[in-house]
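This report refers to the structure that appears directly beneath it.
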Amino acid sequence: MRRIACIIALGLLTTGAAYADTAQGRWECLAYGAEPAAEPKPAAPTLDALGNPVEPPLTGTSPDIPHGLLAIYGPSYTYASAMANDPASGSGSIQLQDTGVTFIDGPLVANTKVQQGLLGAGGGTPVLQLNGESGPVLTCTAR
């Protein structure tokens with residue numbers, strides 16, 4: 001009986017850590033409430049001077065809507081904004097929690113007042129919602 005109780009307790013302890021580990025990795029972030037841009041329509045192939053196909057530039061998200069890439073590995077994060085000279089870009093420290101992450105320092109904390117990232121599932125895809133003092137700031141989806 002004690003053995004079964006120990007196995008259940010160990011399972012419960014490791015489940016929380018495994019859930020927090022899902023926050024680690026690469027995330028694509030968009031301002032909270034903003035809609036992602038529609039997928040660009042394929043254009044007719046363009047050829048260079050030698051007749052090789054040239055990839056058309058991607059149109060992506062409007063530069064007026066804050067968006068970027070977030071990488072979380074171990075006790076640190078790096079955020080790269082798609083907006084030039086965005087003070088939110090840079091690296092800082094985090095602490096993994098059962099429900100996501102807590103931001104300790106760095107430009108997301110200092111310049112956008114992000115405090116925590118809460119894990120959820122949006123349509124089956126892992127979602128990390130970055131919240132600040134006054135509510136949600138960015139919504140990030142796993143890449």
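To be explicit about the labels: the chains of the structure tokens are called A, B, and onward in the order shown, and within each one the residues are counted from 1, while ligands get numbers from 1 in the order they are shown.
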
Task: Polymer residues at most 7 Å from segment 117-129 of chain A, only C-alpha atoms, same-chain spacing of 6 or more positions, as a ChimeraX atom specification - done: /A:99-102,136,138-142

I'd like the neighbourhood of Ser81 of chain A as a PDB file with N, CA and C atoms, in the first residue's frame, where a residue qualifies if any of its atoms comes within 6 Å (using only C-alpha atoms), though same-chain residues fewer than 5 positions away should be ignored.
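The resulting file, selection34.pdb, is reproduced below:
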```pdb
ATOM      1  N   HIS A  67       4.878  42.208 -32.631  1.00  0.00           N
ATOM      2  CA  HIS A  67       5.025  40.774 -32.759  1.00  0.00           C
ATOM      3  C   HIS A  67       6.501  40.429 -32.759  1.00  0.00           C
ATOM      4  N   GLY A  68       6.805  39.172 -32.492  1.00  0.00           N
ATOM      5  CA  GLY A  68       8.197  38.754 -32.472  1.00  0.00           C
ATOM      6  C   GLY A  68       8.330  37.285 -32.115  1.00  0.00           C
ATOM      7  N   SER A  89      13.064  43.947 -27.061  1.00  0.00           N
ATOM      8  CA  SER A  89      13.981  42.898 -27.526  1.00  0.00           C
ATOM      9  C   SER A  89      15.149  42.742 -26.566  1.00  0.00           C
TER      10      SER A  89
END
```
